[in-house]
Amino acid sequence: MHQPAIPHLAAADPELAQLVEGEAKRQFEKVRLIASENYVSTAVLEATGTVLTNKYSEGYAGKRYYEGQQFIDQIELLAVARAKAVFGVDHANVQTYSGSPANLAVYLALAAPGDTVMGMALPAGGHLTHGWSVSATGKWFNAVQYGVRKDTGRVDMDEVRELALAERPKLIFCGGTAIPRTIDFPAFAEIAREVDAVLVADIAHIAGLVAGGAHPSPVGHAQVISTTTHKTLRGPRGAMLMSDAEHAKALDKAVFPGLQGGPHNHTTAAIAVALAEAAQPSFRDYAAGIVANAAALADALTERGFDLVSGGTDNHLILVDLTNKGIGGKPAAQAMDRAGIELNYNTVPFDPRKPFDPSGVRLGTAAITTRGLGVEQMPQVAAWMDRAITAANDGDEAAIGVVAGEIAEHLAGYPMPGWA
Ligand code: DSN
């Protein structure tokens with residue numbers, strides 16, 4: 001049963017309620033390895049389901065365009081204060097709807113259409129909004145892109161510097177969606193300083209690791225920090241922009257009224273709850289556990305002959321090139337889903353295949369660590385993955401079904417917030 005229970009929804013809209021229950025059960029029974037997902041706490045779930053969803057509040061605390069902000073102002077100020085404390089930043093804006101709008105607000109605040117901007121190429125591990133060609137950021141700006149070295153799978157800081165010196169971008173983005181290694185914020189900052197660019201650290205994937213001390217912080221290196229709140233940070237679907245004092249006003253103006261209307265106050269409240277959780281000493285253990293699990297899973301996969309981009313991981317994320325396993329990323333991801341292992345197909349650097357049918361899969365350990373799985377379970381997870389892929393190559397659906405059964409049985413012993 002979904003927790004908190006949904007009896008009113010079940011009575012008013014049984015069809016929809018059944019779908020919610022189905023999704024909760026699905027999340028309970030699967031090894032969830034999508035690197036950008038997690039399980040939020042029941043407290044975060046409760047905050048997202050409150051009457052705060054009824055309220056409009058364009059503007060900022062003390063300067064709203066609608067009346068009735070006696071409590072909303074306090075909620076937003078609490079979220080802002082907690083963000084500032086957890087990350088040690090001068091300024092935080094908690095209104096951005098999600099990661100892509102947050103990044104768009106950065107462009108609106110600090111660049112003009114046609115300006116040169118720089119980011120990591122999507123196929124190398126960057127994000128669409130870091131200037132990739134199909135994104136508005138690639139269409140409206142002169143976006144130049146850096147990648148990773150073919151021999152190491154890691155960002156080549158010499159290439160970044162050469163490109164920055166040649167192109168003189170106004171903004172440099174670091175971070176992305178498929179980067180298994182530590183981001184060298186000081187090195188990016190040095191390059192940004194050299195070309196007089198603003199450094200934007202997109203820490204969407206690693207925010208929880210930064211908050212929990214398991215990845216170096218960009219604070220003091222990047223003037224602007226963008227993050228979603230729902231990945232390793234384990235909050236609701238949302239985002240935040242953080243910055244030094246110098247860029248605070250421009251960012252706020254870009255978020256509202258530049259790009260957005262009323263903030264989603266139920267999300268703001270849930271972000272505040274998640275940030276309070278991230279400030280607890282236990283969150284440091286959680287962040288360390290994510291990284292330890294990823295390292296253990298990477299080792300176990302390597303032992304089974306999987307080819308990991310960059311040879312392993314420093315964070316929560318593993319990128320696997322499946323070429324040597326004789327299967328594409330998409331059929332592998334689909335077979336693993338049928339086997340109870342949820343992850344996504346992903347391009348690998350220098351991928352000869354198309355993005356919709358790439359060579360790799362991406363996985364992460366944030367959700368399974370929340371679930372309570374530890375390093376001792378990672379060889380078993382790798383074994384399930386291996387068996388699912390072998391079964392897919394053999395066309396053996398029965399073997400895939402056996403893995404799914406084993407996983408559901410195993411996970412029954414690990415509680416899930418949101419389902420009881
Ligand atoms: N969808 C996010 C991810 O999976 O990394 C990025 O936007």
# chains A, B, ... in the order shown; residues from 1 in each chain; ligands from 1
>>> select_by_dssp(residues="segment 243-350 of chain A", states="helix (DSSP H, G or I)", output="VMD selection string")
chain A and resid 245 to 259 265 to 278 281 to 303 309 to 311 323 to 325 329 to 338
>>> closest_atom_pairs(of="chain A", to="ligand 1", cutoff="12 Å", atoms="only C-alpha atoms and all ligand atoms", output="tab-separated table")
residue	atom	partner	partner_atom_place_in_ligand_line	distance
A:Leu33	CA	ligand 1	4 (O)	10.9
A:Ile34	CA	ligand 1	4 (O)	7.2
A:Ala35	CA	ligand 1	4 (O)	6.4
A:Ser36	CA	ligand 1	4 (O)	4.6
A:Glu37	CA	ligand 1	4 (O)	7.5
A:Asn38	CA	ligand 1	4 (O)	11.2
A:Ser98	CA	ligand 1	7 (O)	8.8
A:Gly99	CA	ligand 1	7 (O)	6.6
A:Ser100	CA	ligand 1	7 (O)	7.0
A:Pro101	CA	ligand 1	7 (O)	10.6
A:Ala102	CA	ligand 1	7 (O)	11.2
A:Asn103	CA	ligand 1	7 (O)	10.7
A:Leu122	CA	ligand 1	6 (C)	10.4
A:Gly125	CA	ligand 1	5 (O)	9.2
A:Gly126	CA	ligand 1	5 (O)	9.1
A:His127	CA	ligand 1	6 (C)	6.5
A:Leu128	CA	ligand 1	7 (O)	7.5
A:Thr129	CA	ligand 1	7 (O)	8.6
A:His130	CA	ligand 1	7 (O)	10.8
A:Ser135	CA	ligand 1	7 (O)	11.9
A:Gly175	CA	ligand 1	5 (O)	10.7
A:Gly176	CA	ligand 1	5 (O)	7.4
A:Thr177	CA	ligand 1	5 (O)	4.2
A:Ala178	CA	ligand 1	5 (O)	6.9
A:Ile179	CA	ligand 1	5 (O)	9.8
A:Pro180	CA	ligand 1	5 (O)	11.9
A:Asp202	CA	ligand 1	6 (C)	10.6
A:Ile203	CA	ligand 1	5 (O)	10.6
A:Ala204	CA	ligand 1	5 (O)	7.8
A:His205	CA	ligand 1	5 (O)	6.7
A:Ile206	CA	ligand 1	5 (O)	10.5
A:Thr227	CA	ligand 1	7 (O)	10.3
A:Thr228	CA	ligand 1	7 (O)	8.7
A:Thr229	CA	ligand 1	2 (C)	11.4
A:His230	CA	ligand 1	2 (C)	10.0
A:Lys231	CA	ligand 1	5 (O)	8.4
A:Thr232	CA	ligand 1	5 (O)	11.0
A:Arg237	CA	ligand 1	1 (N)	11.0
A:Gly238	CA	ligand 1	7 (O)	11.4
A:Ala239	CA	ligand 1	7 (O)	11.1
A:His316	CA	ligand 1	5 (O)	11.9
A:Leu317	CA	ligand 1	5 (O)	10.2
A:Leu343	CA	ligand 1	4 (O)	9.9
A:Asn344	CA	ligand 1	4 (O)	8.4
A:Tyr345	CA	ligand 1	4 (O)	10.6
A:Asn346	CA	ligand 1	4 (O)	9.8
A:Val361	CA	ligand 1	4 (O)	11.7
A:Arg362	CA	ligand 1	4 (O)	9.1
A:Leu363	CA	ligand 1	4 (O)	9.7
A:Gly364	CA	ligand 1	4 (O)	10.1
>>> residues_around(residues="His91 of chain A", least_positions_apart="3", cutoff="12 Å", atoms="only C-alpha atoms", output="PyMOL selection string")
chain A and resi 77+79-88+94+219+223-226+240-252
>>> closest_residue(among="A:Ser41, A:His2, A:Val348, A:Glu46", to="Ala269 of chain A", atoms="only C-alpha atoms")
A:Glu46
